[in-house]
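Working notes for the structure below.
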Number of protein chains: 4
Amino acid sequence: MIRAGIIGSTGYAGGELVRLLCAHKDVEIVWYGSRSYIDKKYAQVYQNMFQIVDAVCMDDNMEELADQVDVIFTATPQGLCASLVKETILSKVKIIDLSADFRIKDVSVYEKWYGLEHKSPQFIDEAVYGLCEINRADIKDARLVANPGCYTTCSILTAYPLAKEGVIDMSTLIIDAKSGTSGAGRGAKLPNLFCEVNENIKAYGVATHRHTPEIEEQLGYAAKETVVLSFTPHLVPMNRGILVTEYAKLKKEITEKEIKAIYDNYYGEEKFVRVLDKDQYPETKWVEGSNYVDMNFKIDERTGRIILIGAMDNLVKGAAGQAVQNMNLMFGFKESEGLELVPMFP
Amino acid sequence: MIRAGIIGSTGYAGGELVRLLCAHKDVEIVWYGSRSYIDKKYAQVYQNMFQIVDAVCMDDNMEELADQVDVIFTATPQGLCASLVKETILSKVKIIDLSADFRIKDVSVYEKWYGLEHKSPQFIDEAVYGLCEINRADIKDARLVANPGCYTTCSILTAYPLAKEGVIDMSTLIIDAKSGTSGAGRGAKLPNLFCEVNENIKAYGVATHRHTPEIEEQLGYAAKETVVLSFTPHLVPMNRGILVTEYAKLKKEITEKEIKAIYDNYYGEEKFVRVLDKDQYPETKWVEGSNYVDMNFKIDERTGRIILIGAMDNLVKGAAGQAVQNMNLMFGFKESEGLELVPMFP
Amino acid sequence: MIRAGIIGSTGYAGGELVRLLCAHKDVEIVWYGSRSYIDKKYAQVYQNMFQIVDAVCMDDNMEELADQVDVIFTATPQGLCASLVKETILSKVKIIDLSADFRIKDVSVYEKWYGLEHKSPQFIDEAVYGLCEINRADIKDARLVANPGCYTTCSILTAYPLAKEGVIDMSTLIIDAKSGTSGAGRGAKLPNLFCEVNENIKAYGVATHRHTPEIEEQLGYAAKETVVLSFTPHLVPMNRGILVTEYAKLKKEITEKEIKAIYDNYYGEEKFVRVLDKDQYPETKWVEGSNYVDMNFKIDERTGRIILIGAMDNLVKGAAGQAVQNMNLMFGFKESEGLELVPMFP
Amino acid sequence: MIRAGIIGSTGYAGGELVRLLCAHKDVEIVWYGSRSYIDKKYAQVYQNMFQIVDAVCMDDNMEELADQVDVIFTATPQGLCASLVKETILSKVKIIDLSADFRIKDVSVYEKWYGLEHKSPQFIDEAVYGLCEINRADIKDARLVANPGCYTTCSILTAYPLAKEGVIDMSTLIIDAKSGTSGAGRGAKLPNLFCEVNENIKAYGVATHRHTPEIEEQLGYAAKETVVLSFTPHLVPMNRGILVTEYAKLKKEITEKEIKAIYDNYYGEEKFVRVLDKDQYPETKWVEGSNYVDMNFKIDERTGRIILIGAMDNLVKGAAGQAVQNMNLMFGFKESEGLELVPMFP
């Protein structure tokens, strides 16, 4: 049994982490950090936790926390983790950062897209990008894991085998993404009010969304080339779920069977990646509450393009679930421990 | 490890039963019955079960099933279970019926409200009404359990302690209930289409809903008098959840503390009933996906009434979860086995 | 053509007023008041008004406004209208107040339920309660109209004929109300976020909601007795619509036809009140976007109660539509001018 | 005052046509056709029309209808209009067909994508594609108008100016579209149930959707070249609204101002096309209930692409509203008559 602390436990991602860790047999949460609710009972912030979590919220003291726990999760705004982490802390505790601070290897790219000065660039090199299906080996030994973003996890995993195998022309890749509203966080902002989101769909961050360079970097490693792509997120009137629709030109003629074989080769043994049967396309509802990413593809002979579709729960595989999967790898637990969640339908 | 069969496994309640039993360590589902989808892969009916359930759907053959399993769940339209059950079957297997066939002790009441002839009235007496918190002892020894309805579970549990203790005037009891749409089932009917339900709320079954006599019977046992009450269900544009708002005159002056003590006395040890803190009212979202019933009350001195509010997930505590809880009791498993589900928020 | 000014034009009720007045042939809006958005283009606050409204938002200067317009609408928080209105203003301009400031005749009741000191009690007597179907004659001559609340309009109109005719026992009246989320306003508050409201239903203001005394006062006038009732509002995951379910004991045996005759007698000539056909119950979707209140009833012989159900659009008949209807009466326009809106379905 | 008949008046598009025509000062509906509801009161099929429409539903007899009305709207499944229309009918009455029967000039393309034999190919040439902003002149003289599809109206209008001016490389055009559920019609089908659509998003008709050739044909006329493009529709949990996100390579460097000038040149005088201000992107909620198409664009210098976004109400500009606009043109009414609808928010 290890001890865990969560900094930012009262955001939606933090709340999901609590939900998952409460059902994890090898972990005990001992620190519910939340700057906004210090000294308030956690179960008063999230009434679903009544009679399940008895703790009160604590502050963000990472130094003290490092003495008390084995792993720290930071589910906090950009910049906070980078401003707190130190060698003395990392020497005592493992950190899984759910923010973007250590996801991008080129600090100037980070600083440009996020409009922030990076406060601890010395750890960027060491940090492992925590996309478990891709970087499993490195994650096992990491002290600091950069847990991927929600859009990025779905976007990257869906395209990864084809990028890696050189099947698609990366310069033609377009990712049109659709997300539920929990991705926007629990801040009390007018655009996230029920009446503004309900019965509505919109694009946002058009050609400027911060997840773009993260996707480009990771798919660049796969394709072994610099990747520049279009990424457009949309806000959908639902709580959870991300769907990505990706378009790319095929480099050469290839059959459906061959593509399927490539996917099976990469993901056939992966518990949390489900490549669907022919003509069955992913829907976010089919993965809700679970750690699965569902995906499939369609070759369009008329246009010479392949269309890839991926779906997952943004709060699970797109945030807290993946963080737990990383933790399992880092501590030598069974990788799926605490994550064998059957999707909830309807 | 026992073996279970589900007749009606492709309705929403049946699907939820599959979700719960898949995560139950003492049970294996060996029969996925579904008249509508015989020979079709279960995971093609419910794509969330892809790579989780590999079975194909079977017919409704209860006789054959009785030879293969230890427990049969019937999540079927009214009348089906009653038409299939026989002494030869009950002598081999335990049955948990999620329909209304064995819930009402007076067969004429059943036949009047349901407009059906009861096909096996000889088992009505034996059947135990499976409201676990009330009938725990009897359930343990039952061969045939009548799993309560969704509206009824929430309505009864919320009022039970006050009815039993004689605190409220039962002739004044009014139950105004609100349900998510999964309660209407998976039948392809026009009133259940997205565009008809979304952005809409309506009452239905006004003064005629079939769950009325079931609530009256059970609260009548508690109050030790004949109960006649008003029950009005409403359809709410959400997938899951039932909220009941109950109104009754207090028989005498009583303090909030005294009422709270009554509730605590009945439910203080109950894992799945959560009596909330003062001024905190139940919301369906706080119990979604879990087996909890949340409840609270408000004394209104102006009117001399008490207002009771209860919330639960209609597919879990209101159907499949309670069925599993009954099964656990019947087979001597830990009562909460497979039901330690943390509510999912948001 | 008269000139209108709106104080509080950027809340949801204010926005709806703009929508309705834009299509009204006898009115021109010349003042879009909004403390929060002074000098901002109105169409940037409400993008639906792009190329329809070219004006910028103004401050709340009622004195200056009184010199420029014929009618002022105040769609503002409680207390603001009362703090601004003066004899010099009322001598120049008619005021339709969408807040609660002048709805309640007993100032101590107002101050108790609203927790505010009333700043201009001298106008309370003069103010006419603007429920058009009830107070039509007085509204025509009013300088100051107190536009009824959303819950109250629906609750009162649905019960009014039976209260007036002495058919129901007023001491048994219970109103269980359900509202869409636009009723909560456009303030950026956590409980109104999409993820908190969606897939959820809850009661609030249990036994303490401010609309209670307003309903009691008006139904008291009808019944010619002091009325004390239970009123419980619920928040429903939809943008618009209010449904009320009302329960009361019948004083004597009465047939359905007799009740229907009473309703027809009161509302047969009313354009905006639709008493539905037998066994057809109101749904909020059937009135969305329109000024209609739909209603119907059910006699429940088992309990001796009558159940009344009413539905309307909270932003139209429950706020802006009724305000326009009041304006039409006050200025001698056709009562339905600008309000002949066909409900939008789906 | 002209007389109109609607064949298929009880589908969602037909219902919307009724809503719009009820408020049109120059038209009277005299025939509410509906095969499914013959002899039933229209207001019992659509309860919103209670006390507004008194008529009963009629059959689909186009011959008899032609003698009674000036214009026939067919809001029916594919193939029906083509199977009924004849020269004797067209000589007496104008027809606006909301189905796809006469939208595609190449009958073999129609028959291939729709899987139907075309029953009256002799009228295809004569039929005018009723996209008012593009074909206004021809529509005025038409006897038979093919009213465009919902996805197509939004997709074509959004890209049209750039296609026509040769600014974008048509071979790179990708249209990712998102639609509310009313586009799926009022048929009682399992995939359209509330619980299947709510909290879910999915792609469908991937690389095979029937609106594809219609968009290709029309944009081909604009670009004066054969266009083959990718079109992927998605189902969104909302009642109304279509959003299209379009991606294309720019043929040459061009400034934002130049693109804006092109749009203004085409649509500056168009009442129902709103090109939004810089950095303001369309949202479906901002056009709900109205005949507007909102659009805007973003040049992405990193990728050399332009991203176009368009939004409209699928039942208004995407179906019934455009049909009324066509009717206005064909009968010499003011083009916006009956269509000056302010979008409803929220």
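Residue numbers start at 1 in each chain; chains themselves are named A, B, ... in the order of the structure tokens; ligands are numbered from 1 in the order shown.
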
- Hey, list the chain B side of the contact with chain D: 7 Å cut-off, only C-alpha atoms, answer as a PyMOL selection string. chain B and resi 181-182+187-190+192-195+197+239

- Message: So that I can see what lies close to Tyr204 (chain A), please list as a list in words the residues with an atom at most 8 Å from it, counting only C-alpha atoms and leaving out residues fewer than 5 positions away in the same chain.
- Response: His209, Thr232, Pro233, His234 and Leu235 of chain A; Tyr281 of chain D

Any idea what's packed within 8 Å of Ile156 (chain B), counting only C-alpha atoms, ignoring anything in its chain fewer than 2 positions away? Could you give it as a compact mmCIF listing (two decimals) with N, CA, C and O atoms, in the first residue's frame?
```
# COMPACT_ATOMS: atom_id res chain seq x y z
N THR B 152 -40.38 2.94 -6.74
CA THR B 152 -40.80 2.45 -5.43
C THR B 152 -39.64 2.37 -4.44
O THR B 152 -39.79 2.76 -3.29
N THR B 153 -38.52 1.89 -4.88
CA THR B 153 -37.36 1.80 -3.98
C THR B 153 -37.07 3.15 -3.35
O THR B 153 -36.92 3.29 -2.13
N CYS B 154 -37.00 4.16 -4.18
CA CYS B 154 -36.65 5.48 -3.69
C CYS B 154 -37.78 6.06 -2.83
O CYS B 154 -37.55 6.64 -1.76
N THR B 158 -37.29 6.43 1.40
CA THR B 158 -37.25 7.81 1.89
C THR B 158 -38.30 8.06 2.98
O THR B 158 -38.05 8.80 3.94
N ALA B 159 -39.45 7.42 2.87
CA ALA B 159 -40.53 7.66 3.84
C ALA B 159 -40.58 6.61 4.95
O ALA B 159 -41.22 6.82 5.98
N TYR B 160 -39.92 5.47 4.75
CA TYR B 160 -40.10 4.32 5.62
C TYR B 160 -39.96 4.60 7.11
O TYR B 160 -40.87 4.28 7.90
N ILE B 215 -46.01 0.97 -3.74
CA ILE B 215 -45.58 1.88 -2.68
C ILE B 215 -46.59 1.84 -1.53
O ILE B 215 -46.22 1.78 -0.35
N GLN B 218 -46.23 -1.43 0.61
CA GLN B 218 -45.06 -1.49 1.48
C GLN B 218 -45.12 -0.46 2.60
O GLN B 218 -44.80 -0.75 3.75
N LEU B 219 -45.53 0.76 2.27
CA LEU B 219 -45.64 1.76 3.34
C LEU B 219 -46.79 1.41 4.28
O LEU B 219 -46.77 1.76 5.46
```

- Task: With a distance cut-off of 10 Å and only C-alpha atoms, select the neighbouring residues of Phe331 (chain C), excluding the residue or stretch itself and same-chain residues fewer than 5 positions from it, and output the selection as an MDAnalysis selection string.
- Result: chainID C and resid 2 26 70:71 94 139:142 326

- Message: At a cut-off of 6 Å, using only C-alpha atoms, what residues contact Ser179 (chain A)? Leave out same-chain residues fewer than 4 positions from it and give the result as number ranges by chain.
- Response: A: 235-236, 241-242

Mind writing the picked residues with all heavy atoms as a PDB file, in the first residue's frame?
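Result saved to part.pdb:
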```pdb
ATOM      1  N   LEU A 235     -16.560  22.329 -28.596  1.00  0.00           N
ATOM      2  CA  LEU A 235     -17.232  22.080 -27.320  1.00  0.00           C
ATOM      3  C   LEU A 235     -18.618  21.486 -27.565  1.00  0.00           C
ATOM      4  O   LEU A 235     -19.435  22.071 -28.267  1.00  0.00           O
ATOM      5  CB  LEU A 235     -17.371  23.381 -26.528  1.00  0.00           C
ATOM      6  CG  LEU A 235     -17.862  23.200 -25.085  1.00  0.00           C
ATOM      7  CD1 LEU A 235     -16.809  22.492 -24.248  1.00  0.00           C
ATOM      8  CD2 LEU A 235     -18.201  24.545 -24.460  1.00  0.00           C
ATOM      9  N   VAL A 236     -18.873  20.324 -26.968  1.00  0.00           N
ATOM     10  CA  VAL A 236     -20.107  19.571 -27.200  1.00  0.00           C
ATOM     11  C   VAL A 236     -20.941  19.556 -25.915  1.00  0.00           C
ATOM     12  O   VAL A 236     -20.380  19.443 -24.819  1.00  0.00           O
ATOM     13  CB  VAL A 236     -19.765  18.129 -27.631  1.00  0.00           C
ATOM     14  CG1 VAL A 236     -21.030  17.303 -27.857  1.00  0.00           C
ATOM     15  CG2 VAL A 236     -18.908  18.138 -28.886  1.00  0.00           C
ATOM     16  N   GLY A 241     -16.269  12.863 -22.484  1.00  0.00           N
ATOM     17  CA  GLY A 241     -16.046  12.238 -23.770  1.00  0.00           C
ATOM     18  C   GLY A 241     -15.298  13.123 -24.733  1.00  0.00           C
ATOM     19  O   GLY A 241     -15.501  14.337 -24.788  1.00  0.00           O
ATOM     20  N   ILE A 242     -14.378  12.493 -25.454  1.00  0.00           N
ATOM     21  CA  ILE A 242     -13.705  13.160 -26.567  1.00  0.00           C
ATOM     22  C   ILE A 242     -13.813  12.253 -27.774  1.00  0.00           C
ATOM     23  O   ILE A 242     -13.616  11.041 -27.674  1.00  0.00           O
ATOM     24  CB  ILE A 242     -12.227  13.451 -26.242  1.00  0.00           C
ATOM     25  CG1 ILE A 242     -12.117  14.719 -25.404  1.00  0.00           C
ATOM     26  CG2 ILE A 242     -11.395  13.591 -27.521  1.00  0.00           C
ATOM     27  CD1 ILE A 242     -10.708  15.128 -25.063  1.00  0.00           C
TER      28      ILE A 242
END
```

- Message: List as an MDAnalysis selection string the protein and nucleic acid residues near Ser171 (chain C), meaning an atom at most 8 Å away when only C-alpha atoms are counted, but skip any in the same chain fewer than 4 places from it.
- Response: chainID C and resid 227:229

Which polymer residues have any atom within 12 Å of an atom of Ile168 (chain B), counting only C-alpha atoms, with same-chain residues fewer than 2 positions away left out, as a short mmCIF file (atom, residue, chain, number, x, y, z; two decimals) with N, CA, C and O atoms, in the first residue's frame?
```cif
data_model
loop_
_atom_site.label_atom_id
_atom_site.label_comp_id
_atom_site.auth_asym_id
_atom_site.auth_seq_id
_atom_site.Cartn_x
_atom_site.Cartn_y
_atom_site.Cartn_z
N ALA B 159 -39.45 7.42 2.87
CA ALA B 159 -40.53 7.66 3.84
C ALA B 159 -40.58 6.61 4.95
O ALA B 159 -41.22 6.82 5.98
N TYR B 160 -39.92 5.47 4.75
CA TYR B 160 -40.10 4.32 5.62
C TYR B 160 -39.96 4.60 7.11
O TYR B 160 -40.87 4.28 7.90
N PRO B 161 -38.86 5.20 7.56
CA PRO B 161 -38.71 5.38 9.01
C PRO B 161 -39.84 6.21 9.62
O PRO B 161 -40.31 5.92 10.72
N LEU B 162 -40.29 7.22 8.89
CA LEU B 162 -41.35 8.08 9.44
C LEU B 162 -42.71 7.37 9.41
O LEU B 162 -43.53 7.58 10.30
N ALA B 163 -42.93 6.56 8.41
CA ALA B 163 -44.16 5.78 8.36
C ALA B 163 -44.18 4.77 9.51
O ALA B 163 -45.16 4.63 10.23
N LYS B 164 -43.07 4.11 9.67
CA LYS B 164 -42.95 3.07 10.69
C LYS B 164 -43.11 3.64 12.09
O LYS B 164 -43.73 3.03 12.96
N GLU B 165 -42.54 4.82 12.31
CA GLU B 165 -42.57 5.42 13.64
C GLU B 165 -43.84 6.24 13.88
O GLU B 165 -43.98 6.86 14.93
N GLY B 166 -44.73 6.25 12.90
CA GLY B 166 -45.99 6.95 13.10
C GLY B 166 -45.87 8.46 13.21
O GLY B 166 -46.68 9.12 13.85
N MET B 170 -50.33 9.43 7.21
CA MET B 170 -50.18 8.74 5.92
C MET B 170 -51.25 9.15 4.91
O MET B 170 -51.03 9.05 3.71
N SER B 171 -52.38 9.63 5.38
CA SER B 171 -53.44 10.01 4.43
C SER B 171 -53.10 11.31 3.69
O SER B 171 -53.77 11.68 2.73
N THR B 172 -52.05 11.98 4.15
CA THR B 172 -51.66 13.25 3.49
C THR B 172 -50.43 13.07 2.60
O THR B 172 -49.95 14.04 2.03
N LEU B 173 -49.95 11.86 2.50
CA LEU B 173 -48.68 11.65 1.78
C LEU B 173 -48.83 11.81 0.27
O LEU B 173 -49.68 11.18 -0.37
N ILE B 174 -47.99 12.65 -0.26
CA ILE B 174 -47.95 12.91 -1.71
C ILE B 174 -46.52 12.72 -2.17
O ILE B 174 -45.59 13.24 -1.55
N LEU B 219 -45.53 0.76 2.27
CA LEU B 219 -45.64 1.76 3.34
C LEU B 219 -46.79 1.41 4.28
O LEU B 219 -46.77 1.76 5.46
N ALA B 222 -45.41 -0.80 6.89
CA ALA B 222 -44.64 0.00 7.85
C ALA B 222 -45.57 0.73 8.82
O ALA B 222 -45.37 0.70 10.03
N ALA B 223 -46.58 1.37 8.26
CA ALA B 223 -47.46 2.20 9.08
C ALA B 223 -48.53 1.38 9.80
O ALA B 223 -49.25 1.90 10.66
N VAL B 227 -52.78 2.38 3.27
CA VAL B 227 -52.26 3.67 2.78
C VAL B 227 -52.77 3.91 1.36
O VAL B 227 -52.70 3.04 0.51
N GLU B 246 -41.38 14.23 -1.36
CA GLU B 246 -42.56 13.71 -0.67
C GLU B 246 -43.04 14.74 0.35
O GLU B 246 -42.24 15.40 1.01
N TYR B 247 -44.35 14.85 0.45
CA TYR B 247 -44.98 15.82 1.35
C TYR B 247 -45.93 15.09 2.28
O TYR B 247 -46.74 14.28 1.82
N ALA B 248 -45.86 15.41 3.57
CA ALA B 248 -46.85 14.84 4.49
C ALA B 248 -47.00 15.75 5.70
O ALA B 248 -46.07 16.47 6.09
N LYS B 249 -48.18 15.69 6.30
CA LYS B 249 -48.43 16.43 7.53
C LYS B 249 -47.76 15.66 8.68
O LYS B 249 -47.85 14.43 8.76
N LEU B 250 -47.13 16.39 9.57
CA LEU B 250 -46.61 15.79 10.79
C LEU B 250 -47.78 15.57 11.74
O LEU B 250 -48.67 16.42 11.86
N LYS B 251 -47.76 14.44 12.41
CA LYS B 251 -48.88 14.15 13.32
C LYS B 251 -48.81 15.00 14.58
O LYS B 251 -49.81 15.27 15.22
N LYS B 252 -47.60 15.35 14.96
CA LYS B 252 -47.41 16.15 16.16
C LYS B 252 -46.15 16.98 15.99
O LYS B 252 -45.38 16.76 15.07
N GLU B 253 -45.95 17.92 16.89
CA GLU B 253 -44.72 18.71 16.83
C GLU B 253 -43.53 17.81 17.08
O GLU B 253 -43.53 16.98 17.99
N ILE B 254 -42.53 18.00 16.30
CA ILE B 254 -41.33 17.17 16.45
C ILE B 254 -40.15 17.99 15.96
O ILE B 254 -40.28 18.81 15.05
N ILE B 259 -36.25 13.90 14.28
CA ILE B 259 -36.42 13.24 12.97
C ILE B 259 -35.08 12.64 12.53
O ILE B 259 -35.01 11.49 12.07
N ILE B 299 -38.43 20.18 7.84
CA ILE B 299 -39.69 20.48 8.54
C ILE B 299 -40.12 21.88 8.16
O ILE B 299 -39.32 22.81 8.24
N GLY B 304 -46.87 22.97 8.69
CA GLY B 304 -47.01 21.75 9.49
C GLY B 304 -46.67 20.49 8.72
O GLY B 304 -47.00 19.38 9.13
N ARG B 305 -46.01 20.69 7.61
CA ARG B 305 -45.63 19.53 6.80
C ARG B 305 -44.14 19.23 6.96
O ARG B 305 -43.34 20.08 7.32
N ILE B 306 -43.81 17.99 6.61
CA ILE B 306 -42.41 17.65 6.43
C ILE B 306 -42.22 17.32 4.96
O ILE B 306 -43.10 16.73 4.32
N ILE B 307 -41.10 17.76 4.43
CA ILE B 307 -40.79 17.48 3.03
C ILE B 307 -39.59 16.54 3.02
O ILE B 307 -38.56 16.82 3.64
N LEU B 308 -39.76 15.42 2.33
CA LEU B 308 -38.71 14.41 2.26
C LEU B 308 -38.18 14.37 0.83
O LEU B 308 -38.97 14.42 -0.11
#
```

- Message: Using only C-alpha atoms, can you tell me which of D:Leu90, D:Ala203, D:Cys81, D:Leu20 comes closest to Met295 (chain A)?
- Response: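 Selected residue with least distance to Met295 (chain A): D:Ala203.
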
- Item | Shortest interatomic distance to Tyr221 (chain C) - which of C:Val53, C:Leu341, C:Val273, C:Ile134, counting only C-alpha atoms |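 Among C:Val53, C:Leu341, C:Val273, C:Ile134, it is C:Ile134 that comes nearest to Tyr221 (chain C).
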
- Query: DSSP says alpha helix (DSSP H) for which residues of region 228-307 of chain C? Put them as a list in words?
  - Reply: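 Assigned to alpha helix (DSSP H), within region 228-307 of chain C: Glu256, Lys257, Glu258, Ile259, Lys260, Ala261, Ile262, Tyr263, Asp264, Asn265, Tyr266 and Tyr267 of chain C.
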
- Task: For CA of His24 (chain D) and CA of Glu337 (chain C), quote the distance in Å rounded to one decimal.
- Result: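 So the two atoms, CA of His24 (chain D) and CA of Glu337 (chain C), lie 15.2 Å apart.
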
- Pairwise distance, CA of Ile6 (chain C) with CA of Val293 (chain C), equals 24.7 Å

- Identify, with DSSP run on backbone atoms, the residues in region 83-319 of chain C assigned to strand (DSSP E or B), and express the list as a ChimeraX atom specification. /C:94-97,128-129,144-146,168,174-179,193,202-203,230-235,242-250,273-275,283,293-300,305-312

- Taking into account only C-alpha atoms, which residue in the set C:Lys271, C:His118, C:Arg19, C:Lys105 is nearest to Met49 (chain C)? C:Arg19

- Item | For CA of Leu329 (chain D) and CA of Asn147 (chain D), the interatomic separation in Å (one decimal) |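 Distance reported for this atom pair: 12.8 Å.
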